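Visitor: What follows is my_file-v6.cif, made up of mmCIF, C-alpha atoms:
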```cif
data_my_file
#
loop_
_atom_site.label_atom_id
_atom_site.label_comp_id
_atom_site.auth_asym_id
_atom_site.auth_seq_id
_atom_site.Cartn_x
_atom_site.Cartn_y
_atom_site.Cartn_z
CA MET A 1 71.78 49.73 55.95
CA LEU A 2 71.07 49.49 52.22
CA ASN A 3 70.80 53.29 51.98
CA SER A 4 74.24 53.67 53.57
CA ILE A 5 75.76 51.25 51.08
CA ILE A 6 74.13 53.04 48.14
CA LEU A 7 75.32 56.42 49.44
CA ALA A 8 78.88 55.12 49.85
CA LEU A 9 78.80 53.63 46.36
CA SER A 10 77.54 56.86 44.79
CA VAL A 11 80.20 58.94 46.56
CA SER A 12 82.87 56.50 45.39
CA ILE A 13 81.67 56.61 41.79
CA ASP A 14 81.57 60.42 41.93
CA SER A 15 85.12 60.52 43.29
CA LEU A 16 86.29 58.11 40.60
CA GLY A 17 84.82 60.36 37.90
CA ILE A 18 86.50 63.42 39.38
CA GLY A 19 89.81 61.55 39.66
CA ILE A 20 89.63 60.46 36.03
CA THR A 21 88.85 64.02 34.94
CA TYR A 22 91.83 65.41 36.87
CA GLY A 23 94.03 62.65 35.44
CA ILE A 24 93.01 63.40 31.87
CA LYS A 25 93.79 67.10 32.37
CA ASN A 26 97.11 66.28 34.14
CA ALA A 27 95.94 68.36 37.09
CA ARG A 28 97.72 67.89 40.40
CA ILE A 29 96.19 68.13 43.87
CA ASN A 30 98.56 68.73 46.76
CA PHE A 31 98.48 66.61 49.93
CA LEU A 32 96.80 69.26 52.11
CA SER A 33 93.97 69.71 49.60
CA LYS A 34 93.47 65.95 49.40
CA GLY A 35 93.24 65.78 53.18
CA ILE A 36 90.73 68.62 53.31
CA LEU A 37 88.60 66.98 50.61
CA PHE A 38 88.75 63.66 52.47
CA ILE A 39 87.63 65.22 55.77
CA MET A 40 84.88 67.21 54.07
CA SER A 41 83.61 64.07 52.34
CA ILE A 42 83.46 62.16 55.61
CA CYS A 43 81.71 65.03 57.41
CA PHE A 44 79.09 65.55 54.70
CA THR A 45 78.41 61.82 54.42
CA ALA A 46 78.03 61.45 58.19
CA CYS A 47 75.81 64.53 58.44
CA SER A 48 73.60 63.38 55.57
CA LEU A 49 73.14 59.97 57.18
CA LEU A 50 72.29 61.48 60.57
CA ILE A 51 69.90 64.07 59.15
CA GLY A 52 68.28 61.44 56.92
CA GLU A 53 67.78 59.11 59.87
CA PHE A 54 66.25 61.93 61.91
CA LEU A 55 63.92 63.09 59.13
CA SER A 56 62.79 59.55 58.29
CA SER A 57 61.16 59.29 61.69
CA PHE A 58 58.42 61.81 60.84
CA LEU A 59 58.42 62.34 57.03
CA SER A 60 56.91 59.93 54.53
CA THR A 61 59.04 58.13 51.99
CA VAL A 62 57.06 59.54 49.06
CA PHE A 63 57.53 63.13 50.28
CA THR A 64 61.27 62.74 50.79
CA THR A 65 61.67 61.07 47.38
CA ILE A 66 59.90 63.95 45.64
CA VAL A 67 61.82 66.64 47.54
CA SER A 68 65.20 64.99 46.97
CA SER A 69 64.45 64.51 43.26
CA VAL A 70 63.51 68.17 42.88
CA ILE A 71 66.69 69.24 44.70
CA LEU A 72 68.88 67.09 42.44
CA ILE A 73 67.16 68.38 39.30
CA VAL A 74 67.56 72.01 40.39
CA ILE A 75 71.26 71.47 41.21
CA GLY A 76 71.77 69.78 37.83
CA VAL A 77 70.10 72.63 35.95
CA ILE A 78 72.14 75.24 37.85
CA ILE A 79 75.39 73.41 37.12
CA TYR A 80 74.46 72.90 33.47
CA PHE A 81 73.68 76.56 32.81
CA ASP A 82 76.25 78.19 35.12
CA PRO A 83 79.50 76.18 35.31
CA ILE A 84 81.97 77.28 37.97
CA PRO A 85 85.63 77.22 36.84
CA PHE A 86 87.99 75.60 39.33
CA ASP A 87 91.33 76.53 37.77
CA PHE A 88 91.36 80.32 38.04
CA ASN A 89 94.95 80.88 36.91
CA HIS A 90 95.11 77.97 34.39
CA SER A 91 98.02 76.34 36.22
CA LYS A 92 96.38 72.88 36.27
CA ARG A 93 97.18 72.75 39.99
CA ASN A 94 94.22 72.80 42.32
CA ARG A 95 95.57 74.40 45.46
CA PHE A 96 93.22 75.11 48.34
CA LYS A 97 94.38 78.69 48.74
CA ARG A 98 94.05 79.56 45.07
CA SER A 99 90.80 77.71 44.40
CA PHE A 100 88.77 78.87 47.37
CA CYS A 101 90.31 82.17 48.39
CA SER A 102 90.83 83.91 45.02
#
```
Rewrite the coordinates I just gave you, this time as C-alpha coordinates.

Guide:
Amino acid sequence: MLNSIILALSVSIDSLGIGITYGIKNARINFLSKGILFIMSICFTACSLLIGEFLSSFLSTVFTTIVSSVILIVIGVIIYFDPIPFDFNHSKRNRFKRSFCS
(Lines of atoms letter the chains of each structure in order from A and count residues from 1; the text may use other names and numbers.)
(Lines give C-alpha, C1' and ligand atoms only; values in the text may rest on other atoms or scores of the structure.)
Protein backbone atom coordinates (compact mmCIF):
# COMPACT_ATOMS: atom_id res chain seq x y z
CA MET A 1 0.00 0.00 0.00
CA LEU A 2 2.81 2.41 0.87
CA ASN A 3 4.53 1.67 -2.46
CA SER A 4 1.34 2.56 -4.34
CA ILE A 5 1.08 5.86 -2.50
CA ILE A 6 4.73 6.70 -3.18
CA LEU A 7 4.32 5.81 -6.87
CA ALA A 8 1.21 7.99 -7.16
CA LEU A 9 2.99 10.86 -5.43
CA SER A 10 6.03 10.62 -7.71
CA VAL A 11 3.86 10.55 -10.84
CA SER A 12 1.95 13.58 -9.58
CA ILE A 13 5.14 15.52 -8.84
CA ASP A 14 6.50 14.61 -12.28
CA SER A 15 3.29 15.79 -13.94
CA LEU A 16 3.39 19.02 -11.95
CA GLY A 17 6.94 19.69 -13.15
CA ILE A 18 5.97 19.03 -16.74
CA GLY A 19 2.91 21.27 -16.40
CA ILE A 20 5.00 24.10 -14.98
CA THR A 21 7.51 23.73 -17.80
CA TYR A 22 4.79 23.88 -20.45
CA GLY A 23 3.24 26.88 -18.69
CA ILE A 24 6.52 28.79 -18.60
CA LYS A 25 7.02 28.17 -22.34
CA ASN A 26 3.36 29.09 -23.09
CA ALA A 27 2.97 25.72 -24.82
CA ARG A 28 -0.54 24.44 -25.42
CA ILE A 29 -1.69 20.82 -25.38
CA ASN A 30 -4.94 20.02 -27.15
CA PHE A 31 -7.72 18.00 -25.50
CA LEU A 32 -7.05 14.79 -27.45
CA SER A 33 -3.37 14.80 -26.48
CA LYS A 34 -4.27 15.38 -22.84
CA GLY A 35 -6.64 12.42 -22.96
CA ILE A 36 -4.03 10.19 -24.56
CA LEU A 37 -1.44 11.20 -21.94
CA PHE A 38 -3.97 10.55 -19.16
CA ILE A 39 -4.80 7.06 -20.45
CA MET A 40 -1.14 6.21 -20.99
CA SER A 41 -0.30 7.34 -17.46
CA ILE A 42 -3.04 5.16 -15.97
CA CYS A 43 -1.99 2.14 -18.06
CA PHE A 44 1.71 2.43 -17.22
CA THR A 45 0.98 2.94 -13.52
CA ALA A 46 -1.35 -0.06 -13.40
CA CYS A 47 1.08 -2.25 -15.33
CA SER A 48 4.01 -1.25 -13.12
CA LEU A 49 2.02 -2.08 -9.99
CA LEU A 50 0.93 -5.46 -11.36
CA ILE A 51 4.39 -6.41 -12.61
CA GLY A 52 5.96 -5.23 -9.34
CA GLU A 53 3.53 -7.31 -7.31
CA PHE A 54 4.25 -10.36 -9.47
CA LEU A 55 8.03 -9.96 -9.31
CA SER A 56 8.04 -9.34 -5.56
CA SER A 57 6.82 -12.88 -5.00
CA PHE A 58 10.11 -14.45 -6.10
CA LEU A 59 12.78 -11.69 -6.21
CA SER A 60 14.54 -10.29 -3.17
CA THR A 61 14.12 -6.68 -2.13
CA VAL A 62 17.86 -6.00 -2.33
CA PHE A 63 18.06 -7.32 -5.91
CA THR A 64 15.09 -5.28 -7.11
CA THR A 65 16.44 -2.13 -5.42
CA ILE A 66 19.80 -2.50 -7.16
CA VAL A 67 18.27 -3.25 -10.57
CA SER A 68 15.78 -0.37 -10.36
CA SER A 69 18.52 2.04 -9.26
CA VAL A 70 20.73 1.01 -12.18
CA ILE A 71 17.82 1.44 -14.61
CA LEU A 72 17.05 4.94 -13.31
CA ILE A 73 20.71 5.96 -13.48
CA VAL A 74 21.05 4.69 -17.06
CA ILE A 75 17.86 6.50 -18.13
CA GLY A 76 19.10 9.69 -16.47
CA VAL A 77 22.48 9.49 -18.21
CA ILE A 78 20.84 8.84 -21.59
CA ILE A 79 18.47 11.79 -21.15
CA TYR A 80 21.29 14.05 -19.96
CA PHE A 81 23.57 13.35 -22.91
CA ASP A 82 20.95 12.90 -25.65
CA PRO A 83 17.93 15.19 -25.15
CA ILE A 84 14.95 14.53 -27.41
CA PRO A 85 13.23 17.69 -28.72
CA PHE A 86 9.45 17.61 -28.43
CA ASP A 87 8.58 20.71 -30.47
CA PHE A 88 9.76 19.78 -33.95
CA ASN A 89 8.31 22.78 -35.80
CA HIS A 90 8.79 25.35 -32.97
CA SER A 91 5.06 26.12 -32.83
CA LYS A 92 4.86 25.73 -29.02
CA ARG A 93 1.86 23.45 -29.59
CA ASN A 94 2.33 19.83 -28.67
CA ARG A 95 -0.03 18.00 -30.98
CA PHE A 96 -0.08 14.22 -30.97
CA LYS A 97 0.19 13.94 -34.74
CA ARG A 98 3.11 16.33 -35.04
CA SER A 99 5.04 15.15 -31.98
CA PHE A 100 4.89 11.41 -32.51
CA CYS A 101 4.39 10.97 -36.24
CA SER A 102 6.87 13.49 -37.70

Visitor: Neighbours of range 64-71 of chain A within 12 Å (all atoms listed in the file; same-chain residues fewer than 6 positions away dropped), as a PyMOL selection string?

Guide: chain A and resi 52-53+55-58+77-78

Visitor: Using all atoms listed in the file, can you tell me which of A:Leu72, A:Ala46, A:Ser41, A:Phe63 comes closest to Asp14 in chain A?

Guide: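 Between A:Leu72, A:Ala46, A:Ser41, A:Phe63, the residue approaching Asp14 in chain A most closely is A:Ser41.
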
Visitor: Interatomic distance between CA of Ser48 in chain A and CA of Ser4 in chain A?

Guide: 9.9 Å

Visitor: May I ask which of the residues A:Thr61, A:Thr21, A:Asn26, A:Thr45 is the closest one to Leu7 in chain A, counting all atoms listed in the file?

Guide: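 Selected residue with least distance to Leu7 in chain A: A:Thr45.
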
Visitor: Please measure the separation of CA of Ile73 in chain A and CA of Gly17 in chain A, giving the value in Å to one decimal.

Guide: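 That distance, rounded to one decimal, is 19.4 Å.
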
Visitor: If you measure from CA of Leu50 in chain A to CA of Leu9 in chain A, what distance in Å do you get, rounded to one decimal?

Guide: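 Rounded to one decimal, the two atoms are 17.5 Å apart.
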